[in-house]
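**Q** Here you go, query-v1.tsv (TSV, C-alpha atoms):
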chain	number	residue	atom	x	y	z
W	512	MET	CA	49.39	50.00	-44.48
W	513	GLY	CA	51.36	47.20	-46.11
W	514	ASN	CA	54.25	47.67	-43.67
W	515	MET	CA	51.92	47.72	-40.68
W	516	SER	CA	50.33	44.43	-41.78
W	517	ARG	CA	53.73	42.82	-41.99
W	518	CYS	CA	54.61	44.05	-38.44
W	519	MET	CA	51.47	42.54	-36.84
W	520	ARG	CA	51.74	39.13	-38.56
W	521	PRO	CA	53.30	36.36	-36.35
W	522	SER	CA	56.81	35.79	-37.70
W	523	GLY	CA	58.30	32.92	-35.63
W	524	PRO	CA	58.50	30.62	-32.57
W	525	ALA	CA	59.40	33.46	-30.18
W	526	THR	CA	56.21	35.28	-31.04
W	527	LEU	CA	54.10	32.13	-30.44
W	528	ILE	CA	55.70	31.61	-27.01
W	529	ALA	CA	54.95	35.23	-26.08
W	530	VAL	CA	51.31	34.87	-27.11
W	531	ALA	CA	50.93	31.62	-25.11
W	532	ALA	CA	52.42	33.27	-22.04
W	533	LEU	CA	50.03	36.19	-22.36
W	534	LEU	CA	47.06	33.82	-22.63
W	535	ALA	CA	48.22	31.89	-19.52
W	536	VAL	CA	48.42	35.12	-17.50
W	537	ILE	CA	44.92	36.11	-18.62
W	538	GLY	CA	43.55	32.65	-17.72
W	539	PHE	CA	45.17	32.71	-14.27
W	540	ALA	CA	43.72	36.15	-13.58
W	541	ALA	CA	40.26	34.95	-14.59
W	542	LEU	CA	40.61	31.91	-12.32
W	543	VAL	CA	41.63	34.08	-9.37
W	544	ALA	CA	38.73	36.40	-10.02
W	545	SER	CA	36.35	33.42	-10.17
W	546	SER	CA	37.72	32.01	-6.90
W	547	VAL	CA	37.33	35.34	-5.19
W	548	ALA	CA	33.75	35.56	-6.42
W	549	LEU	CA	32.93	32.07	-5.11
W	550	ALA	CA	34.43	32.89	-1.72
W	551	VAL	CA	31.94	35.68	-1.22
W	552	PRO	CA	28.82	34.22	0.49
W	553	LEU	CA	25.70	34.36	-1.62
W	554	PRO	CA	22.56	35.87	-0.07
W	555	ASP	CA	20.59	33.56	2.23
W	556	TYR	CA	17.11	34.06	0.86
W	557	ASN	CA	15.51	32.81	4.10
W	558	GLU	CA	16.77	35.88	5.94
W	559	PRO	CA	15.77	37.35	8.22
W	560	ASN	CA	15.31	34.05	10.06
W	561	ASP	CA	17.87	34.54	12.81
W	562	SER	CA	15.53	34.21	15.82
W	563	PHE	CA	12.61	32.13	17.05
W	564	GLU	CA	10.30	35.02	16.28
W	565	THR	CA	11.49	35.47	12.67
W	566	GLY	CA	11.89	31.78	11.78
W	567	THR	CA	11.09	30.41	8.35
W	568	ALA	CA	7.92	28.30	8.18
W	569	LEU	CA	8.29	24.75	6.89
W	570	GLU	CA	5.67	22.53	5.27
W	571	SER	CA	5.39	19.00	6.60
W	572	GLY	CA	7.49	16.66	4.47
W	573	VAL	CA	8.76	19.46	2.20
W	574	THR	CA	12.51	20.01	2.24
W	575	GLY	CA	13.74	23.46	3.20
W	576	TYR	CA	17.25	24.75	2.64
W	577	GLY	CA	19.61	27.49	3.68
W	578	ALA	CA	23.25	28.49	4.06
W	579	VAL	CA	25.28	29.76	7.00
W	580	THR	CA	26.82	32.80	5.37
W	581	SER	CA	28.59	34.57	8.23
W	582	GLN	CA	30.22	33.90	11.58
W	583	GLY	CA	27.62	33.71	14.33
W	584	ASP	CA	24.75	33.25	11.87
W	585	LYS	CA	21.93	30.91	12.91
W	586	ASP	CA	18.95	29.92	10.81
W	587	TYR	CA	15.63	29.18	12.50
W	588	PHE	CA	12.90	27.02	10.96
W	589	TYR	CA	9.58	25.96	12.45
W	590	LEU	CA	6.67	23.62	11.82
W	591	ASP	CA	3.34	23.91	13.62
W	592	VAL	CA	2.35	20.54	15.07
W	593	PRO	CA	-1.43	20.30	15.52
W	594	GLY	CA	-1.58	17.12	17.60
W	595	SER	CA	0.39	14.43	19.37
W	596	GLY	CA	1.58	12.63	16.24
W	597	ALA	CA	5.17	11.69	15.52
W	598	VAL	CA	7.60	14.28	14.15
W	599	SER	CA	10.61	13.15	12.11
W	600	VAL	CA	13.61	15.27	11.20
W	601	LYS	CA	16.12	14.74	8.39
W	602	PHE	CA	19.11	17.09	8.33
W	603	VAL	CA	21.71	17.07	5.53
W	604	PRO	CA	24.55	19.52	6.36
W	605	GLY	CA	25.86	19.99	2.80
W	606	VAL	CA	29.12	21.24	4.31
W	607	PRO	CA	30.77	19.28	7.15
W	608	GLY	CA	30.46	20.85	10.57
W	609	ARG	CA	26.96	22.27	10.33
W	610	LEU	CA	24.92	21.79	13.52
W	611	CYS	CA	21.16	21.44	13.93
W	612	ASP	CA	19.46	21.75	17.33
W	613	LEU	CA	15.80	21.01	18.02
W	614	PHE	CA	13.37	22.93	20.24
W	615	PHE	CA	9.66	22.82	21.02
W	616	GLN	CA	7.17	25.42	22.18
W	617	ALA	CA	4.12	23.73	23.67
W	618	GLN	CA	0.70	25.04	22.76
W	619	GLY	CA	-0.29	27.82	25.16
W	620	SER	CA	3.30	28.35	26.34
W	621	THR	CA	5.98	30.89	25.44
W	622	ALA	CA	8.92	28.72	26.53
W	623	LYS	CA	11.13	27.13	23.88
W	624	SER	CA	12.50	23.94	25.39
W	625	PRO	CA	15.43	22.01	23.87
W	626	LEU	CA	14.59	18.50	22.68
W	627	THR	CA	17.16	15.88	23.64
W	628	TRP	CA	16.08	13.46	20.95
W	629	ALA	CA	18.40	10.66	19.91
W	630	LYS	CA	19.96	11.39	16.52
W	631	LEU	CA	21.00	8.68	14.07
W	632	PHE	CA	24.03	10.31	12.41
W	633	ASP	CA	25.47	9.37	9.03
W	634	ASP	CA	29.04	9.66	7.77
W	635	GLU	CA	28.46	13.15	6.42
W	636	GLY	CA	27.35	14.59	9.76
W	637	GLY	CA	23.65	14.61	8.92
W	638	PHE	CA	21.07	12.80	11.00
W	639	ARG	CA	17.56	11.44	11.31
W	640	SER	CA	15.54	11.80	14.49
W	641	VAL	CA	11.99	10.98	15.55
W	642	GLY	CA	9.88	12.10	18.49
W	643	SER	CA	6.34	12.93	19.57
W	644	PRO	CA	6.33	16.36	21.25
W	645	GLY	CA	2.58	17.06	21.33
W	646	PRO	CA	0.67	20.08	19.96
W	647	GLY	CA	2.71	23.26	19.58
W	648	ARG	CA	5.53	24.68	17.44
W	649	PHE	CA	8.58	22.62	16.51
W	650	PHE	CA	11.86	24.45	15.79
W	651	ALA	CA	15.07	23.43	14.02
W	652	VAL	CA	18.03	25.79	14.48
W	653	VAL	CA	21.02	25.45	12.15
W	654	ALA	CA	24.39	26.94	13.16
W	655	LEU	CA	27.98	27.04	11.95
W	656	GLY	CA	29.63	24.78	14.52
W	657	GLY	CA	33.37	24.49	13.99
W	658	ALA	CA	33.17	24.71	10.21
W	659	GLU	CA	34.14	27.50	7.86
W	660	VAL	CA	31.66	29.91	6.37
W	661	SER	CA	30.68	28.85	2.86
W	662	THR	CA	27.84	29.06	0.40
W	663	GLY	CA	27.23	25.30	0.57
W	664	ALA	CA	23.54	24.72	1.22
W	665	TYR	CA	22.15	22.42	3.90
W	666	THR	CA	18.68	20.88	3.82
W	667	ILE	CA	16.16	20.30	6.59
W	668	THR	CA	13.01	18.17	6.29
W	669	VAL	CA	10.51	18.01	9.15
W	670	THR	CA	7.55	15.67	8.76
W	671	TYR	CA	4.51	15.47	11.03
W	672	THR	CA	2.58	12.21	11.04
W	673	GLY	CA	-0.88	12.83	12.48
W	674	GLY	CA	-2.63	10.05	14.34
W	675	GLY	CA	-6.24	11.15	13.95
W	676	SER	CA	-9.02	10.47	11.52
W	677	GLY	CA	-8.51	13.64	9.57
W	678	GLY	CA	-9.75	15.78	12.44
W	679	SER	CA	-13.44	15.23	11.79
W	680	GLY	CA	-14.03	12.68	14.49
W	681	ALA	CA	-16.94	11.37	12.40
W	682	PHE	CA	-17.02	7.57	12.43
W	683	PRO	CA	-19.95	5.69	10.87
W	684	ASP	CA	-20.19	3.37	13.90
W	685	VAL	CA	-20.15	6.29	16.39
W	686	PRO	CA	-23.22	8.35	15.50
W	687	ALA	CA	-24.06	11.58	17.27
W	688	GLY	CA	-26.01	10.82	20.42
W	689	SER	CA	-24.28	7.50	21.10
W	690	ALA	CA	-22.87	6.95	24.59
W	691	PHE	CA	-19.22	7.65	23.80
W	692	TYR	CA	-19.66	10.07	20.89
W	693	PRO	CA	-18.35	13.21	22.72
W	694	ALA	CA	-15.30	11.39	24.04
W	695	ILE	CA	-14.37	9.65	20.78
W	696	THR	CA	-14.94	12.79	18.73
W	697	TYR	CA	-12.78	14.88	21.04
W	698	LEU	CA	-9.92	12.38	21.11
W	699	ALA	CA	-10.00	12.00	17.32
W	700	GLU	CA	-9.88	15.77	16.84
W	701	GLN	CA	-6.91	15.94	19.23
W	702	GLU	CA	-5.29	13.07	17.26
W	703	VAL	CA	-5.02	10.85	20.32
W	704	VAL	CA	-7.00	8.04	18.67
W	705	SER	CA	-7.75	7.08	15.09
W	706	GLY	CA	-10.09	4.77	13.26
W	707	TYR	CA	-9.52	1.71	11.15
W	708	LYS	CA	-8.68	1.81	7.44
W	709	ASP	CA	-12.33	1.26	6.57
W	710	GLY	CA	-13.32	4.40	8.51
W	711	ARG	CA	-14.81	2.66	11.57
W	712	PHE	CA	-13.73	3.35	15.13
W	713	GLY	CA	-14.81	0.09	16.73
W	714	PRO	CA	-16.11	1.43	20.07
W	715	LEU	CA	-16.85	-2.08	21.36
W	716	ASP	CA	-13.47	-3.55	20.39
W	717	LEU	CA	-11.17	-4.54	23.22
W	718	VAL	CA	-7.90	-2.72	23.92
W	719	LYS	CA	-4.49	-4.29	24.50
W	720	ARG	CA	-2.30	-2.98	27.29
W	721	GLN	CA	0.36	-1.67	24.89
W	722	GLN	CA	-2.33	0.11	22.86
W	723	PHE	CA	-3.64	1.90	25.93
W	724	ALA	CA	-0.11	2.89	26.95
W	725	LYS	CA	0.21	4.75	23.65
W	726	MET	CA	-3.25	6.30	24.02
W	727	ILE	CA	-2.63	7.70	27.49
W	728	VAL	CA	0.85	9.00	26.68
W	729	ARG	CA	-0.56	10.87	23.68
W	730	ALA	CA	-3.51	12.14	25.70
W	731	CYS	CA	-1.14	13.57	28.30
W	732	GLY	CA	1.13	15.15	25.69
W	733	TYR	CA	4.26	13.52	27.09
W	734	PRO	CA	7.23	13.79	24.69
W	735	VAL	CA	8.33	10.42	23.29
W	736	THR	CA	11.62	9.73	21.50
W	737	ILE	CA	13.65	6.78	20.29
W	738	SER	CA	15.94	7.30	23.29
W	739	ASP	CA	13.15	6.25	25.69
W	740	GLU	CA	14.16	2.66	26.39
W	741	CYS	CA	11.67	0.13	27.73
W	742	ARG	CA	12.72	-2.08	30.65
W	743	PHE	CA	10.05	-4.73	30.11
W	744	VAL	CA	11.52	-7.79	28.41
W	745	ASP	CA	8.22	-8.97	26.90
W	746	VAL	CA	7.68	-5.75	24.91
W	747	GLN	CA	8.80	-5.76	21.27
W	748	THR	CA	11.70	-3.44	20.57
W	749	SER	CA	11.12	-1.24	17.53
W	750	TYR	CA	14.02	-0.62	15.16
W	751	PRO	CA	14.50	-0.31	11.37
W	752	GLY	CA	13.10	-3.37	9.64
W	753	PHE	CA	11.24	-4.50	12.75
W	754	TYR	CA	8.60	-1.87	13.38
W	755	LEU	CA	5.33	-3.19	14.78
W	756	ASP	CA	3.66	-0.17	13.21
W	757	PRO	CA	5.60	1.27	10.23
W	758	ASN	CA	3.54	4.46	10.51
W	759	ASP	CA	4.67	4.99	14.11
W	760	VAL	CA	8.25	3.91	14.74
W	761	LEU	CA	7.90	4.78	18.45
W	762	TYR	CA	5.30	2.06	19.05
W	763	PRO	CA	5.10	0.15	21.31
W	764	ASP	CA	8.26	0.16	23.41
W	765	HIS	CA	8.98	3.90	23.54
W	766	TYR	CA	5.42	4.77	24.61
W	767	ILE	CA	5.47	2.10	27.30
W	768	ALA	CA	8.85	3.37	28.50
W	769	VAL	CA	7.45	6.88	28.94
W	770	ALA	CA	4.36	5.57	30.75
W	771	ALA	CA	6.61	3.63	33.13
W	772	ARG	CA	8.93	6.59	33.71
W	773	HIS	CA	5.98	8.71	34.81
W	774	LYS	CA	4.79	5.80	37.01
W	775	ILE	CA	1.52	5.58	35.08
W	776	THR	CA	2.19	1.86	34.78
W	777	VAL	CA	4.26	-0.44	36.96
W	778	GLY	CA	3.86	-3.47	34.70
W	779	LYS	CA	2.75	-6.93	35.72
W	780	THR	CA	6.15	-7.47	37.34
W	781	ASP	CA	9.31	-5.35	37.51
W	782	TYR	CA	10.37	-6.68	34.09
W	783	THR	CA	7.19	-7.81	32.35
W	784	PHE	CA	4.31	-5.75	30.98
W	785	ASP	CA	1.93	-8.25	29.30
W	786	PRO	CA	1.64	-6.03	26.21
W	787	TYR	CA	-0.90	-8.21	24.37
W	788	GLY	CA	-3.18	-8.75	27.36
W	789	SER	CA	-6.53	-6.94	27.35
W	790	ILE	CA	-6.56	-3.98	29.70
W	791	THR	CA	-9.38	-3.97	32.26
W	792	MET	CA	-11.55	-1.04	33.24
W	793	ALA	CA	-9.94	-1.02	36.69
W	794	GLN	CA	-6.47	-0.76	35.14
W	795	VAL	CA	-7.61	2.01	32.78
W	796	VAL	CA	-8.97	4.06	35.68
W	797	THR	CA	-5.85	3.48	37.77
W	798	MET	CA	-3.53	4.60	34.96
W	799	VAL	CA	-5.67	7.66	34.25
W	800	VAL	CA	-5.61	8.72	37.90
W	801	ARG	CA	-1.86	8.15	38.17
W	802	ALA	CA	-1.38	10.37	35.12
W	803	GLY	CA	-3.63	13.00	36.70
W	804	GLU	CA	-1.49	12.90	39.85
W	805	ASP	CA	1.70	13.19	37.81
W	806	LEU	CA	0.30	16.22	35.95
W	807	GLY	CA	-1.06	17.86	39.09
W	808	VAL	CA	-4.83	17.73	38.44
W	809	TYR	CA	-5.75	14.86	40.82
W	810	ASP	CA	-4.98	14.34	44.49
W	811	SER	CA	-6.33	12.22	47.34
W	812	PRO	CA	-9.85	13.10	48.54
W	813	PRO	CA	-10.81	13.59	52.20
W	814	ARG	CA	-11.13	10.42	54.25
W	815	SER	CA	-14.85	11.10	54.58
W	816	TYR	CA	-15.49	11.00	50.82
W	817	ILE	CA	-17.71	8.13	49.67
W	818	PRO	CA	-17.67	7.35	45.90
W	819	PRO	CA	-20.78	6.29	43.94
W	820	PHE	CA	-19.63	2.64	43.91
W	821	GLY	CA	-18.62	0.05	46.47
W	822	ASP	CA	-15.15	-1.15	47.42
W	823	PHE	CA	-13.99	-3.64	44.76
W	824	GLY	CA	-10.47	-4.18	46.15
W	825	ASP	CA	-7.11	-2.46	46.21
W	826	PRO	CA	-5.03	-1.13	44.63
W	827	HIS	CA	-7.57	-0.13	41.97
W	828	TYR	CA	-10.41	0.90	44.28
W	829	SER	CA	-8.32	3.63	45.92
W	830	TYR	CA	-7.47	5.14	42.53
W	831	ALA	CA	-11.08	4.89	41.34
W	832	ARG	CA	-12.25	6.61	44.52
W	833	GLU	CA	-9.78	9.45	43.92
W	834	GLY	CA	-10.90	9.77	40.31
W	835	ALA	CA	-14.54	9.87	41.34
W	836	ALA	CA	-13.82	12.72	43.76
W	837	HIS	CA	-12.51	14.72	40.77
W	838	GLY	CA	-15.47	14.00	38.50
W	839	LEU	CA	-13.90	11.20	36.47
W	840	PHE	CA	-17.13	9.19	36.35
W	841	ILE	CA	-19.60	12.02	35.76
W	842	GLY	CA	-21.58	11.09	32.67
W	843	TYR	CA	-20.09	7.60	32.45
W	844	PRO	CA	-22.79	5.35	30.93
W	845	GLY	CA	-21.38	2.02	32.10
W	846	PRO	CA	-20.79	-0.86	32.20
W	847	TRP	CA	-19.27	-1.14	35.69
W	848	ASP	CA	-17.47	-4.44	35.29
W	849	TRP	CA	-14.17	-3.40	36.85
W	850	TYR	CA	-12.22	-6.53	35.96
W	851	SER	CA	-13.66	-7.16	32.51
W	852	PRO	CA	-11.67	-6.13	29.43
W	853	ALA	CA	-12.20	-2.45	28.58
W	854	THR	CA	-13.50	-1.35	25.19
W	855	ARG	CA	-12.20	1.42	22.96
W	856	GLY	CA	-15.25	3.46	23.88
W	857	GLN	CA	-14.59	3.12	27.61
W	858	CYS	CA	-10.91	3.99	27.21
W	859	ALA	CA	-11.83	7.05	25.16
W	860	PHE	CA	-14.28	8.20	27.84
W	861	PHE	CA	-11.79	8.17	30.72
W	862	LEU	CA	-9.01	9.72	28.64
W	863	TRP	CA	-11.47	12.42	27.56
W	864	LYS	CA	-12.26	13.26	31.18
W	865	LEU	CA	-8.53	13.42	31.98
W	866	MET	CA	-7.86	15.75	29.04
W	867	LEU	CA	-10.72	18.00	30.09
W	868	ALA	CA	-9.20	18.20	33.57
W	869	LEU	CA	-5.82	19.05	32.09
W	870	ALA	CA	-7.48	21.80	30.04
W	871	GLY	CA	-9.07	23.21	33.17
W	872	ALA	CA	-12.60	22.25	32.13
Mind converting the file's structure to structure tokens?

**A**
Amino acid sequence: MGNMSRCMRPSGPATLIAVAALLAVIGFAALVASSVALAVPLPDYNEPNDSFETGTALESGVTGYGAVTSQGDKDYFYLDVPGSGAVSVKFVPGVPGRLCDLFFQAQGSTAKSPLTWAKLFDDEGGFRSVGSPGPGRFFAVVALGGAEVSTGAYTITVTYTGGGSGGSGAFPDVPAGSAFYPAITYLAEQEVVSGYKDGRFGPLDLVKRQQFAKMIVRACGYPVTISDECRFVDVQTSYPGFYLDPNDVLYPDHYIAVAARHKITVGKTDYTFDPYGSITMAQVVTMVVRAGEDLGVYDSPPRSYIPPFGDFGDPHYSYAREGAAHGLFIGYPGPWDWYSPATRGQCAFFLWKLMLALAGA
């Protein structure tokens, strides 16, 4: 035993060099093994989410994550959008080269349509985007792009900002049985209109032209994005730091741009809109009928049709006559002052009748 102990005891510099070399080899092998282990993609715990039908549900404002772990892999996420409020998307790729495409399936439809929303990209390849697609299901689809497969996680945050009064439609100044109660309640439930911070709706308050442009675009369910540019020079342009409504970064210019593109409004002139002017009842009816024409629920009545009101002058009388032929004024309680400023209650009534027509009611 004594001899064996002497043989195993380090006896000089050569032995120390040999031990150091052995330790270096062991360390290198461990490093290689670790690298190999890291190169193997970790499980993507969202799987299976590789199709629209098997997508992973998101919660509004709650960040989801995933990883593209194989060639050809795509991750599908969705958020159900109950109304016509704004939807914002924040995508952080984690690894350069990740792609994120946006789609929308309108309520009552099976088609998944791509959304060509403007994306504000950052230096890392992520982006922010905002739009208002209407009620339905919003999808974000993450793919590999030209990057390498890795376990680096990306994040996706989709936030829906509702515009209604919490869906109840119950305003203290709009009691059941009041003239515009059905219309205001319906529009609030559909998140087309909302009340004031104190809970009131203000049915007798007057409506500015830019406010009604937003109301009718939301009522029609037209998509609105930051890429919708307004041609009217007297409309405020919304951009970071200069939002007229911080809770709706699309207001007012993007809504007005969409209304003009669908020829719902032609403005006061080719390049002015008069956004802060009060909208009149005649203008409200004209815009509602133009929207109905654009969406295929209104058309010109027979020449023999006589509406329940007299001729009050073109161009608005012709549109009002067409609307009357399609039931736009059935149940309207008045007043009939065509060229007086319209109230929030009146605007709600005519938008309600348009939405009922769009719903086939």

**Q** Kindly provide, as a compact mmCIF listing (two decimals) with C-alpha atoms, keeping the file's coordinate frame, the polymer residues lying within 10 Å of (17.1, 9.3, 21.6), counting all atoms listed in the file and using the coordinates exactly as they appear in the file.

**A**
# COMPACT_ATOMS: atom_id res chain seq x y z
CA LEU W 626 14.59 18.50 22.68
CA THR W 627 17.16 15.88 23.64
CA TRP W 628 16.08 13.46 20.95
CA ALA W 629 18.40 10.66 19.91
CA LYS W 630 19.96 11.39 16.52
CA LEU W 631 21.00 8.68 14.07
CA SER W 640 15.54 11.80 14.49
CA VAL W 641 11.99 10.98 15.55
CA GLY W 642 9.88 12.10 18.49
CA VAL W 735 8.33 10.42 23.29
CA THR W 736 11.62 9.73 21.50
CA ILE W 737 13.65 6.78 20.29
CA SER W 738 15.94 7.30 23.29
CA ASP W 739 13.15 6.25 25.69
CA GLU W 740 14.16 2.66 26.39
CA HIS W 765 8.98 3.90 23.54

**Q** Rank nothing, just name the residue among W:Asp756, W:Asp584, W:Asp785, W:Asp634 nearest to Asp561 in chain W, using all atoms listed in the file.

**A**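 Result for the nearest residue to Asp561 in chain W: W:Asp584.
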
**Q** Which polymer residues have any atom within 10 Å of an atom of Asp612 in chain W, counting only C-alpha atoms, with same-chain residues fewer than 3 positions away left out, as a list of chain:residue names?

**A**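 Skipping anything fewer than 3 positions along the chain leaves W:Tyr587, W:Pro625, W:Leu626, W:Thr627, W:Trp628, W:Phe650, W:Ala651, W:Val652, W:Val653, W:Ala654.
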
**Q** Please report the interatomic distance between CA of Phe743 in chain W and CA of Pro786 in chain W in Å with one decimal.

**A**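 For CA of Phe743 in chain W relative to CA of Pro786 in chain W, the distance reads 9.4 Å.
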
**Q** Quick one, how far is CA of Ile767 in chain W from CA of Val728 in chain W?

**A**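 Interatomic distance here is 8.3 Å.
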
**Q** Counting all atoms listed in the file, which residues sit no farther than 12 Å from the position (17.8, 36.7, 10.6) in the file's frame? I'd like them as an MDAnalysis selection string.

**A** chainID W and resid 554:567 577:581 583:588 652:653

**Q** I'd like to know which of W:Gly594, W:Gly788, W:Gly838, W:Gly657 is closest to Gln582 in chain W, using only C-alpha atoms.

**A** W:Gly657
